[in-house]
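Colleague: Below is the file run_21.tsv, which contains TSV, C-alpha atoms.
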chain	number	residue	atom	x	y	z
A	1	MET	CA	-57.49	-73.61	-42.49
A	2	LYS	CA	-57.06	-76.83	-44.51
A	3	GLU	CA	-55.44	-79.70	-42.61
A	4	GLN	CA	-52.23	-80.96	-44.18
A	5	SER	CA	-52.49	-84.63	-45.15
A	6	THR	CA	-49.89	-87.17	-44.09
A	7	PRO	CA	-47.54	-88.12	-46.95
A	8	LEU	CA	-47.71	-91.73	-48.11
A	9	VAL	CA	-43.93	-92.04	-47.71
A	10	GLU	CA	-41.70	-89.66	-45.81
A	11	VAL	CA	-37.92	-89.94	-45.62
A	12	ARG	CA	-36.15	-87.95	-42.91
A	13	ASP	CA	-32.37	-87.40	-42.92
A	14	LEU	CA	-31.79	-90.86	-44.35
A	15	CYS	CA	-28.22	-92.16	-44.53
A	16	MET	CA	-27.01	-95.42	-46.03
A	17	TRP	CA	-23.31	-95.87	-45.42
A	18	PHE	CA	-21.44	-99.03	-46.35
A	19	PRO	CA	-18.32	-99.84	-44.29
A	20	VAL	CA	-15.12	-100.48	-46.22
A	21	LYS	CA	-13.12	-103.50	-45.17
A	22	ARG	CA	-9.95	-102.40	-43.40
A	23	SER	CA	-6.54	-103.82	-44.14
A	24	ILE	CA	-4.31	-105.29	-41.45
A	25	VAL	CA	-2.10	-102.17	-41.64
A	26	ASP	CA	-5.14	-99.91	-41.10
A	27	SER	CA	-6.22	-101.99	-38.11
A	28	LEU	CA	-2.76	-101.98	-36.54
A	29	SER	CA	-2.36	-98.25	-37.05
A	30	ARG	CA	-5.87	-97.74	-35.64
A	31	LYS	CA	-7.08	-95.74	-38.57
A	32	PRO	CA	-10.79	-94.87	-38.28
A	33	LYS	CA	-13.32	-96.91	-40.22
A	34	ARG	CA	-14.16	-95.59	-43.67
A	35	TYR	CA	-17.61	-95.62	-45.24
A	36	VAL	CA	-19.01	-95.31	-48.73
A	37	LYS	CA	-21.70	-92.69	-48.18
A	38	ALA	CA	-24.14	-93.86	-50.86
A	39	VAL	CA	-27.09	-91.94	-49.39
A	40	ASN	CA	-26.28	-89.00	-47.17
A	41	ASN	CA	-28.95	-87.09	-45.20
A	42	VAL	CA	-31.76	-87.34	-47.74
A	43	SER	CA	-35.22	-86.01	-46.89
A	44	LEU	CA	-38.23	-86.17	-49.21
A	45	THR	CA	-41.94	-86.97	-49.28
A	46	VAL	CA	-44.07	-88.92	-51.72
A	47	GLU	CA	-47.77	-88.11	-51.76
A	48	GLN	CA	-50.56	-90.61	-52.42
A	49	GLY	CA	-51.24	-91.00	-56.15
A	50	GLU	CA	-48.27	-88.98	-57.39
A	51	SER	CA	-45.46	-90.00	-59.72
A	52	LEU	CA	-42.07	-88.83	-58.44
A	53	GLY	CA	-38.97	-89.13	-60.60
A	54	LEU	CA	-35.48	-89.66	-59.21
A	55	VAL	CA	-32.62	-88.78	-61.57
A	56	GLY	CA	-28.86	-88.41	-61.50
A	57	GLU	CA	-25.64	-89.88	-62.81
A	58	SER	CA	-24.87	-93.57	-62.36
A	59	GLY	CA	-23.62	-94.22	-58.84
A	60	CYS	CA	-25.29	-91.17	-57.28
A	61	GLY	CA	-27.35	-93.32	-54.87
A	62	LYS	CA	-30.73	-93.58	-56.60
A	63	SER	CA	-31.13	-97.36	-56.34
A	64	THR	CA	-29.65	-97.44	-52.84
A	65	LEU	CA	-32.22	-94.87	-51.70
A	66	ALA	CA	-35.07	-96.96	-53.15
A	67	LYS	CA	-33.79	-100.17	-51.55
A	68	SER	CA	-33.44	-98.36	-48.23
A	69	ILE	CA	-37.01	-97.05	-48.42
A	70	ILE	CA	-38.36	-100.55	-49.06
A	71	ARG	CA	-36.07	-101.83	-46.28
A	72	LEU	CA	-33.94	-104.17	-48.38
A	73	TYR	CA	-31.13	-102.26	-46.67
A	74	GLU	CA	-30.99	-101.37	-42.99
A	75	PRO	CA	-30.45	-97.58	-42.94
A	76	THR	CA	-27.41	-96.26	-41.11
A	77	HIS	CA	-29.30	-93.23	-39.84
A	78	GLY	CA	-32.60	-91.42	-40.30
A	79	ASN	CA	-36.22	-92.45	-40.49
A	80	ILE	CA	-38.65	-93.90	-43.05
A	81	LEU	CA	-42.34	-93.33	-42.46
A	82	LEU	CA	-45.15	-95.14	-44.28
A	83	LYS	CA	-48.53	-93.45	-43.81
A	84	GLY	CA	-47.10	-91.77	-40.73
A	85	ASP	CA	-45.82	-95.02	-39.15
A	86	ASP	CA	-42.06	-95.34	-38.62
A	87	ILE	CA	-40.86	-98.53	-40.33
A	88	THR	CA	-37.13	-97.82	-40.06
A	89	HIS	CA	-36.31	-100.56	-37.56
A	90	LEU	CA	-39.15	-103.04	-38.06
A	91	LYS	CA	-38.18	-106.68	-38.45
A	92	GLY	CA	-39.71	-110.09	-39.14
A	93	LYS	CA	-43.46	-110.46	-39.59
A	94	THR	CA	-44.22	-106.81	-38.81
A	95	LEU	CA	-41.84	-105.65	-41.53
A	96	ARG	CA	-43.26	-108.14	-44.06
A	97	GLU	CA	-46.77	-106.86	-43.40
A	98	LYS	CA	-45.72	-103.25	-43.91
A	99	ARG	CA	-43.51	-104.04	-46.90
A	100	SER	CA	-46.45	-105.51	-48.83
A	101	ALA	CA	-47.65	-101.92	-49.25
A	102	MET	CA	-44.38	-101.12	-51.07
A	103	GLN	CA	-43.38	-103.16	-54.09
A	104	MET	CA	-40.38	-102.91	-56.38
A	105	ILE	CA	-39.99	-103.38	-60.12
A	106	PHE	CA	-36.37	-104.29	-60.73
A	107	GLN	CA	-34.12	-103.26	-63.57
A	108	ASP	CA	-33.38	-106.73	-64.93
A	109	PRO	CA	-36.50	-108.74	-65.92
A	110	TYR	CA	-34.26	-111.73	-66.67
A	111	SER	CA	-33.12	-112.23	-63.08
A	112	SER	CA	-36.24	-111.08	-61.22
A	113	LEU	CA	-38.25	-114.21	-62.19
A	114	ASN	CA	-37.57	-117.81	-61.19
A	115	PRO	CA	-36.76	-119.65	-64.45
A	116	ARG	CA	-38.20	-122.89	-63.04
A	117	MET	CA	-41.62	-121.46	-62.32
A	118	THR	CA	-44.32	-120.92	-64.92
A	119	ILE	CA	-45.81	-117.46	-65.28
A	120	TYR	CA	-48.93	-118.68	-63.48
A	121	GLU	CA	-46.89	-120.05	-60.58
A	122	ALA	CA	-44.82	-116.85	-60.33
A	123	VAL	CA	-47.90	-114.64	-59.92
A	124	ALA	CA	-49.96	-117.15	-57.93
A	125	GLU	CA	-47.12	-117.53	-55.42
A	126	VAL	CA	-47.48	-113.88	-54.38
A	127	LEU	CA	-51.25	-114.20	-54.00
A	128	SER	CA	-50.85	-117.36	-51.92
A	129	VAL	CA	-48.04	-116.21	-49.63
A	130	HIS	CA	-49.77	-112.92	-48.80
A	131	HIS	CA	-53.27	-114.48	-48.63
A	132	VAL	CA	-54.58	-111.87	-51.04
A	133	VAL	CA	-57.56	-113.96	-52.19
A	134	PRO	CA	-59.03	-117.37	-51.23
A	135	LYS	CA	-57.39	-120.37	-52.93
A	136	ASP	CA	-60.35	-120.99	-55.22
A	137	GLN	CA	-60.05	-117.43	-56.59
A	138	ILE	CA	-56.32	-117.43	-57.31
A	139	ARG	CA	-56.61	-118.43	-60.98
A	140	GLU	CA	-59.20	-115.73	-61.61
A	141	GLU	CA	-56.99	-113.12	-59.92
A	142	VAL	CA	-53.93	-114.21	-61.90
A	143	GLU	CA	-55.94	-113.74	-65.09
A	144	ARG	CA	-57.00	-110.25	-63.96
A	145	LEU	CA	-53.43	-109.19	-63.11
A	146	LEU	CA	-51.99	-110.49	-66.37
A	147	GLY	CA	-54.77	-108.72	-68.24
A	148	LEU	CA	-53.95	-105.44	-66.50
A	149	CYS	CA	-50.41	-105.78	-67.84
A	150	GLY	CA	-51.40	-106.65	-71.40
A	151	LEU	CA	-50.97	-110.42	-71.16
A	152	GLY	CA	-53.52	-113.22	-71.55
A	153	MET	CA	-53.88	-116.58	-69.84
A	154	GLU	CA	-52.35	-118.26	-72.89
A	155	VAL	CA	-48.96	-117.34	-71.40
A	156	ALA	CA	-49.73	-118.74	-67.94
A	157	ASP	CA	-48.25	-122.23	-68.47
A	158	ARG	CA	-45.08	-121.05	-70.17
A	159	TYR	CA	-41.70	-120.32	-68.56
A	160	PRO	CA	-39.84	-116.96	-68.37
A	161	GLY	CA	-37.17	-118.21	-70.76
A	162	GLU	CA	-39.74	-118.34	-73.54
A	163	PHE	CA	-40.46	-114.61	-73.37
A	164	SER	CA	-38.83	-111.37	-74.48
A	165	GLY	CA	-37.52	-108.85	-71.96
A	166	GLY	CA	-40.60	-106.67	-72.35
A	167	GLN	CA	-42.96	-109.57	-71.66
A	168	ARG	CA	-40.96	-110.58	-68.60
A	169	GLN	CA	-41.11	-107.04	-67.29
A	170	ARG	CA	-44.90	-107.12	-67.73
A	171	VAL	CA	-44.96	-110.25	-65.56
A	172	GLY	CA	-42.76	-108.48	-63.01
A	173	ILE	CA	-45.23	-105.59	-62.93
A	174	ALA	CA	-48.14	-108.04	-62.49
A	175	ARG	CA	-46.34	-109.62	-59.52
A	176	ALA	CA	-45.76	-106.18	-57.99
A	177	LEU	CA	-49.45	-105.30	-58.34
A	178	ALA	CA	-50.63	-108.62	-56.88
A	179	VAL	CA	-50.72	-107.30	-53.30
A	180	SER	CA	-52.40	-103.99	-54.27
A	181	PRO	CA	-49.44	-101.88	-53.09
A	182	ASP	CA	-49.74	-98.24	-52.11
A	183	ILE	CA	-46.46	-97.41	-53.84
A	184	VAL	CA	-44.36	-99.02	-56.57
A	185	LEU	CA	-40.65	-98.27	-56.73
A	186	ALA	CA	-39.58	-98.71	-60.36
A	187	ASP	CA	-35.79	-98.98	-60.46
A	188	GLU	CA	-34.64	-98.34	-64.04
A	189	PRO	CA	-37.49	-100.60	-65.25
A	190	VAL	CA	-36.74	-100.22	-68.98
A	191	SER	CA	-32.97	-99.72	-69.15
A	192	ALA	CA	-32.38	-103.43	-69.91
A	193	LEU	CA	-35.00	-103.49	-72.69
A	194	ASP	CA	-34.78	-102.82	-76.40
A	195	VAL	CA	-35.56	-99.24	-77.36
A	196	SER	CA	-38.61	-100.37	-79.35
A	197	ILE	CA	-40.11	-102.00	-76.23
A	198	ARG	CA	-39.39	-99.22	-73.73
A	199	ALA	CA	-42.26	-97.00	-74.85
A	200	GLN	CA	-44.75	-99.85	-74.36
A	201	ILE	CA	-43.67	-100.45	-70.76
A	202	ILE	CA	-43.60	-96.73	-69.96
A	203	ASN	CA	-47.09	-96.30	-71.40
A	204	LEU	CA	-48.25	-99.30	-69.36
A	205	LEU	CA	-46.89	-97.81	-66.13
A	206	SER	CA	-48.46	-94.45	-66.96
A	207	HIS	CA	-51.81	-96.12	-67.64
A	208	LEU	CA	-51.69	-98.16	-64.42
A	209	GLN	CA	-50.76	-95.10	-62.41
A	210	LYS	CA	-53.89	-93.30	-63.59
A	211	GLU	CA	-56.18	-96.36	-63.60
A	212	LEU	CA	-55.28	-97.58	-60.10
A	213	ASN	CA	-54.33	-94.21	-58.56
A	214	LEU	CA	-50.94	-95.81	-58.05
A	215	THR	CA	-48.05	-93.98	-56.42
A	216	ILE	CA	-44.81	-94.43	-58.35
A	217	LEU	CA	-41.22	-93.60	-57.50
A	218	PHE	CA	-39.62	-93.76	-60.94
A	219	ILE	CA	-35.83	-94.07	-60.94
A	220	SER	CA	-33.98	-93.43	-64.18
A	221	HIS	CA	-30.99	-91.74	-65.76
A	222	ASP	CA	-33.10	-91.13	-68.90
A	223	LEU	CA	-34.39	-87.58	-68.52
A	224	HIS	CA	-36.79	-87.90	-71.45
A	225	LEU	CA	-38.63	-90.78	-69.76
A	226	VAL	CA	-38.75	-88.95	-66.43
A	227	HIS	CA	-40.13	-85.83	-68.12
A	228	TYR	CA	-42.84	-87.94	-69.77
A	229	ILE	CA	-44.04	-90.07	-66.86
A	230	THR	CA	-43.59	-87.99	-63.69
A	231	LYS	CA	-45.22	-84.90	-62.21
A	232	ARG	CA	-42.45	-84.14	-59.72
A	233	VAL	CA	-38.74	-84.85	-59.91
A	234	ALA	CA	-35.82	-85.04	-57.47
A	235	VAL	CA	-32.24	-84.68	-58.68
A	236	MET	CA	-29.53	-86.59	-56.81
A	237	TYR	CA	-25.81	-85.95	-56.75
A	238	LEU	CA	-23.34	-87.94	-54.64
A	239	GLY	CA	-26.00	-89.27	-52.29
A	240	LYS	CA	-27.86	-85.99	-51.77
A	241	ILE	CA	-30.95	-84.32	-53.20
A	242	VAL	CA	-29.74	-81.10	-54.84
A	243	GLU	CA	-33.04	-80.02	-56.41
A	244	ILE	CA	-36.66	-81.10	-56.22
A	245	GLY	CA	-39.87	-79.70	-57.65
A	246	PRO	CA	-42.59	-80.02	-60.31
A	247	THR	CA	-41.14	-81.80	-63.35
A	248	SER	CA	-42.27	-79.12	-65.79
A	249	SER	CA	-40.68	-76.36	-63.69
A	250	VAL	CA	-37.41	-78.17	-63.06
A	251	PHE	CA	-36.96	-79.02	-66.75
A	252	SER	CA	-37.91	-75.57	-68.02
A	253	ASN	CA	-36.16	-73.61	-65.25
A	254	PRO	CA	-33.48	-75.71	-63.50
A	255	MET	CA	-32.02	-73.78	-60.60
A	256	HIS	CA	-29.09	-75.97	-59.61
A	257	PRO	CA	-26.09	-75.84	-61.99
A	258	TYR	CA	-25.87	-79.65	-61.95
A	259	THR	CA	-29.52	-79.99	-62.98
A	260	SER	CA	-29.06	-77.45	-65.76
A	261	ILE	CA	-25.98	-79.16	-67.20
A	262	LEU	CA	-27.59	-82.59	-66.86
A	263	ILE	CA	-30.64	-81.48	-68.86
A	264	GLN	CA	-28.60	-79.71	-71.55
A	265	ALA	CA	-26.26	-82.70	-71.89
A	266	ALA	CA	-29.10	-85.16	-72.45
A	267	PRO	CA	-29.13	-86.74	-75.95
A	268	VAL	CA	-31.56	-85.23	-78.44
A	269	LEU	CA	-33.45	-87.05	-81.17
A	270	ASN	CA	-32.93	-84.36	-83.82
A	271	PRO	CA	-30.02	-85.53	-86.05
A	272	LEU	CA	-29.41	-81.93	-87.16
A	273	ASP	CA	-28.76	-80.81	-83.60
A	274	ARG	CA	-25.29	-82.27	-83.10
A	275	GLU	CA	-23.88	-79.61	-80.82
A	276	ARG	CA	-23.96	-80.11	-77.08
A	277	SER	CA	-24.05	-76.76	-75.35
A	278	SER	CA	-23.00	-78.23	-72.01
A	279	THR	CA	-21.07	-81.14	-70.60
A	280	ILE	CA	-20.27	-81.98	-67.00
A	281	LYS	CA	-16.53	-81.52	-66.57
A	282	GLY	CA	-14.41	-83.90	-64.56
A	283	GLU	CA	-15.40	-86.86	-62.42
A	284	PRO	CA	-17.47	-86.78	-59.23
A	285	PRO	CA	-15.48	-87.00	-55.97
A	286	SER	CA	-15.22	-90.37	-54.27
A	287	PRO	CA	-18.08	-91.10	-51.85
A	288	LEU	CA	-15.32	-92.40	-49.56
A	289	ASP	CA	-13.83	-88.93	-49.25
A	290	LEU	CA	-16.44	-86.23	-49.80
A	291	PRO	CA	-15.09	-82.69	-50.14
A	292	LYS	CA	-15.83	-79.92	-47.70
A	293	GLY	CA	-18.63	-77.60	-48.73
A	294	CYS	CA	-20.66	-78.29	-51.86
A	295	ALA	CA	-20.00	-81.76	-53.32
A	296	PHE	CA	-20.54	-80.38	-56.85
A	297	GLY	CA	-18.19	-77.46	-56.29
A	298	GLN	CA	-15.17	-79.02	-58.03
A	299	ARG	CA	-17.20	-79.41	-61.26
A	300	CYS	CA	-19.36	-76.29	-61.04
A	301	PRO	CA	-18.71	-73.29	-63.32
A	302	TYR	CA	-20.21	-70.96	-60.68
A	303	CYS	CA	-18.17	-72.20	-57.71
A	304	THR	CA	-17.01	-69.55	-55.21
A	305	GLU	CA	-15.05	-69.65	-51.97
A	306	GLU	CA	-18.33	-69.90	-50.05
A	307	CYS	CA	-19.17	-73.09	-51.99
A	308	THR	CA	-15.88	-74.74	-50.96
A	309	MET	CA	-16.37	-73.93	-47.28
A	310	LYS	CA	-20.07	-74.25	-46.55
A	311	GLU	CA	-22.39	-77.08	-47.55
A	312	PRO	CA	-25.66	-75.81	-49.08
A	313	VAL	CA	-29.00	-77.07	-47.82
A	314	LEU	CA	-32.32	-77.39	-49.63
A	315	GLN	CA	-34.17	-74.09	-49.59
A	316	ASN	CA	-37.49	-72.98	-51.01
A	317	ALA	CA	-36.89	-71.24	-54.33
A	318	GLY	CA	-40.58	-70.59	-55.05
A	319	GLY	CA	-43.07	-72.32	-57.30
A	320	GLY	CA	-42.70	-75.59	-55.43
A	321	GLN	CA	-38.99	-75.87	-56.29
A	322	TYR	CA	-36.31	-76.47	-53.67
A	323	VAL	CA	-32.62	-76.17	-54.43
A	324	ALA	CA	-29.42	-76.81	-52.47
A	325	CYS	CA	-27.14	-74.15	-53.94
A	326	HIS	CA	-25.51	-70.97	-52.69
A	327	HIS	CA	-25.93	-69.37	-56.12
A	328	PRO	CA	-29.10	-70.78	-57.71
A	329	LEU	CA	-29.56	-70.07	-61.42
A	330	HIS	CA	-32.18	-67.80	-62.93
A	331	LYS	CA	-33.96	-68.17	-66.26
A	332	GLU	CA	-31.61	-65.91	-68.15
A	333	GLU	CA	-28.61	-67.97	-67.00
A	334	VAL	CA	-30.16	-71.29	-68.06
A	335	LYS	CA	-30.73	-70.29	-71.70
Go ahead and express the file in the form of structure tokens.

Modeller:
Amino acid sequence: MKEQSTPLVEVRDLCMWFPVKRSIVDSLSRKPKRYVKAVNNVSLTVEQGESLGLVGESGCGKSTLAKSIIRLYEPTHGNILLKGDDITHLKGKTLREKRSAMQMIFQDPYSSLNPRMTIYEAVAEVLSVHHVVPKDQIREEVERLLGLCGLGMEVADRYPGEFSGGQRQRVGIARALAVSPDIVLADEPVSALDVSIRAQIINLLSHLQKELNLTILFISHDLHLVHYITKRVAVMYLGKIVEIGPTSSVFSNPMHPYTSILIQAAPVLNPLDRERSSTIKGEPPSPLDLPKGCAFGQRCPYCTEECTMKEPVLQNAGGGQYVACHHPLHKEEVK
């Protein structure tokens, strides 16, 4: 029997709740503390070398989940394992050492670089702080990293303000790769870029993923990009994973009503196809006051009494797909 390998990253029942400041009246009346439940009991694994997409509406908890995994946030509950080691409560030097294996590419390339540092200084700083290479090899390594990201040393002595958003994002990617991370968490890495530049950055990430056997958690609300760059995808709604599985299977046969509507509501490039067969009705409930039962129930066309009373959990639906729904869809219902 083949031994099951340890996932690169494993998240177990992760919660990230943000306390809401109480008013004087609430304090005097002793009302219980309220929390924004941005991430609520999420469990998932990321295998070495895979590209996992994370999709959902704005505000569903995608970025919060990524920042919790990389420990920019201190999780409220649950565990984060890196190569089998629990890093949930590490601090100080131990956390810094572990965190170097996980790097993040941020959404805004304009604010992720120090405007007072040259491109060379920005990349060399990472190499120096983490002692990646000896001092006399730093310039050579900077040249290698910039080259990997489609930039030459002619840009090294210039400042971020002299570059376009796409070029800055390339520098951000070079910085992320400087410590040879095991996983890169790309948080909406092209949403702030011009449409004409997005394809170049996506192709670069795809190339690096194959060239370096890089593990990527790709966060986006753009389903077309996720379909193109990832092999597996997780769908989030109100802080929970509602469906996860191979990208091709989820897109061709979505089993959660939310996933199905999300895919059908995505913009299409064909100007002749103006009709949208599906839209998501209503607004999501407040994460301050989550409804009983299924969080999507109030917006779901298939909602029953069971959905309003009992919260669904992720269950194996076959073919590597898992869905949290009392009434998962079948192919004939998706068409």

Colleague: Let me make sure I understand: among A:Leu72, A:Leu208, A:Ala317, A:Leu8, which one has the smallest atom-to-atom distance to Asn253 (chain A) if we use only C-alpha atoms?

Modeller: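 The answer is A:Ala317, which sits nearest to Asn253 (chain A).
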
Colleague: Interatomic distance between CA of His221 (chain A) and CA of Ile70 (chain A)?

Modeller: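 Calculated distance between CA of His221 (chain A) and CA of Ile70 (chain A) is 20.3 Å.
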
Colleague: Just to confirm, what's the straight-line distance from CA of Ala66 (chain A) to CA of Glu188 (chain A) in Å (one decimal)?

Modeller: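 Interatomic distance, CA of Ala66 (chain A) to CA of Glu188 (chain A): 11.0 Å.
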
Colleague: Write out as a PyMOL selection string each polymer residue whose atoms come within 6 Å of Asn41 (chain A), counting only C-alpha atoms; drop sequence neighbours fewer than 3 positions from it.

Modeller: chain A and resi 13-15

Colleague: Compile the contact shell of Ser248 (chain A) as a PDB file with C-alpha atoms, in the frame of the given file: residues with an atom at most 12 Å away, counting all atoms listed in the file, same-chain residues fewer than 6 positions apart removed.

Modeller:
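Output contents, as saved in part-v3.pdb:
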ATOM      1  CA  GLY A  53     -38.970 -89.130 -60.600  1.00  0.00           C
ATOM      2  CA  LEU A 223     -34.390 -87.580 -68.520  1.00  0.00           C
ATOM      3  CA  HIS A 224     -36.790 -87.900 -71.450  1.00  0.00           C
ATOM      4  CA  VAL A 226     -38.750 -88.950 -66.430  1.00  0.00           C
ATOM      5  CA  HIS A 227     -40.130 -85.830 -68.120  1.00  0.00           C
ATOM      6  CA  TYR A 228     -42.840 -87.940 -69.770  1.00  0.00           C
ATOM      7  CA  ILE A 229     -44.040 -90.070 -66.860  1.00  0.00           C
ATOM      8  CA  THR A 230     -43.590 -87.990 -63.690  1.00  0.00           C
ATOM      9  CA  LYS A 231     -45.220 -84.900 -62.210  1.00  0.00           C
ATOM     10  CA  ARG A 232     -42.450 -84.140 -59.720  1.00  0.00           C
ATOM     11  CA  VAL A 233     -38.740 -84.850 -59.910  1.00  0.00           C
ATOM     12  CA  PRO A 254     -33.480 -75.710 -63.500  1.00  0.00           C
ATOM     13  CA  GLY A 319     -43.070 -72.320 -57.300  1.00  0.00           C
ATOM     14  CA  GLY A 320     -42.700 -75.590 -55.430  1.00  0.00           C
ATOM     15  CA  GLN A 321     -38.990 -75.870 -56.290  1.00  0.00           C
TER      16      GLN A 321
END

Colleague: Using all atoms listed in the file, I'd like a table of the residues in region 214-238 of chain A that come within 12 Å of region 104-111 of chain A; for each, show the closest atom pair and its distance in Å rounded to one decimal, ordered by chain and ascending number, as JSON lines.

Modeller:
{"residue": "A:Thr215", "atom": "CA", "partner": "A:Met104", "partner_atom": "CA", "distance": 11.8}
{"residue": "A:Ile216", "atom": "CA", "partner": "A:Met104", "partner_atom": "CA", "distance": 9.8}
{"residue": "A:Leu217", "atom": "CA", "partner": "A:Met104", "partner_atom": "CA", "distance": 9.4}
{"residue": "A:Phe218", "atom": "CA", "partner": "A:Ile105", "partner_atom": "CA", "distance": 9.7}
{"residue": "A:Ile219", "atom": "CA", "partner": "A:Gln107", "partner_atom": "CA", "distance": 9.7}
{"residue": "A:Ser220", "atom": "CA", "partner": "A:Gln107", "partner_atom": "CA", "distance": 9.8}

Colleague: I need the residue nearest Ile119 (chain A) from this list: A:Leu90, A:Leu148, A:Glu162, A:Trp17. Use all atoms listed in the file for the distance.

Modeller: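 For Ile119 (chain A), the nearest of the given residues is A:Glu162.
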
Colleague: Edge lengths and centre in Å to one decimal, as AutoDock Vina command-line options, is what I'm after for the box along x, y and z that holds all listed atoms of region 246-252 of chain A once 8 Å is added on each side.

Modeller:
--center_x -39.8 --center_y -78.7 --center_z -64.2 --size_x 21.6 --size_y 22.2 --size_z 23.7

Colleague: Out of A:Thr118, A:Gln167, A:Ser112, A:Ser100, which residue has the shortest atom-to-atom distance to Ser180 (chain A) when counting all atoms listed in the file?

Modeller: A:Ser100

Colleague: Generate N, CA and C atoms for region 26-39 of chain A and emit them as a CSV table (one decimal), in the frame of the given file.

Modeller:
chain,number,residue,atom,x,y,z
A,26,ASP,N,-4.2,-100.9,-41.6
A,26,ASP,CA,-5.1,-99.9,-41.1
A,26,ASP,C,-5.6,-100.3,-39.7
A,27,SER,N,-5.8,-101.6,-39.4
A,27,SER,CA,-6.2,-102.0,-38.1
A,27,SER,C,-5.1,-101.8,-37.1
A,28,LEU,N,-3.9,-102.1,-37.5
A,28,LEU,CA,-2.8,-102.0,-36.5
A,28,LEU,C,-2.4,-100.5,-36.2
A,29,SER,N,-2.6,-99.7,-37.3
A,29,SER,CA,-2.4,-98.2,-37.0
A,29,SER,C,-3.6,-97.5,-36.5
A,30,ARG,N,-4.7,-98.3,-36.3
A,30,ARG,CA,-5.9,-97.7,-35.6
A,30,ARG,C,-6.5,-96.6,-36.4
A,31,LYS,N,-6.4,-96.7,-37.7
A,31,LYS,CA,-7.1,-95.7,-38.6
A,31,LYS,C,-8.6,-95.9,-38.4
A,32,PRO,N,-9.3,-94.8,-38.4
A,32,PRO,CA,-10.8,-94.9,-38.3
A,32,PRO,C,-11.4,-95.6,-39.4
A,33,LYS,N,-12.6,-96.2,-39.2
A,33,LYS,CA,-13.3,-96.9,-40.2
A,33,LYS,C,-13.7,-95.9,-41.3
A,34,ARG,N,-13.7,-96.4,-42.5
A,34,ARG,CA,-14.2,-95.6,-43.7
A,34,ARG,C,-15.5,-96.1,-44.2
A,35,TYR,N,-16.3,-95.2,-44.7
A,35,TYR,CA,-17.6,-95.6,-45.2
A,35,TYR,C,-17.8,-95.0,-46.6
A,36,VAL,N,-18.5,-95.8,-47.5
A,36,VAL,CA,-19.0,-95.3,-48.7
A,36,VAL,C,-20.4,-94.7,-48.4
A,37,LYS,N,-20.5,-93.4,-48.5
A,37,LYS,CA,-21.7,-92.7,-48.2
A,37,LYS,C,-22.6,-92.6,-49.4
A,38,ALA,N,-23.3,-93.7,-49.7
A,38,ALA,CA,-24.1,-93.9,-50.9
A,38,ALA,C,-25.4,-93.0,-50.8
A,39,VAL,N,-26.0,-92.9,-49.6
A,39,VAL,CA,-27.1,-91.9,-49.4
A,39,VAL,C,-26.7,-91.2,-48.1
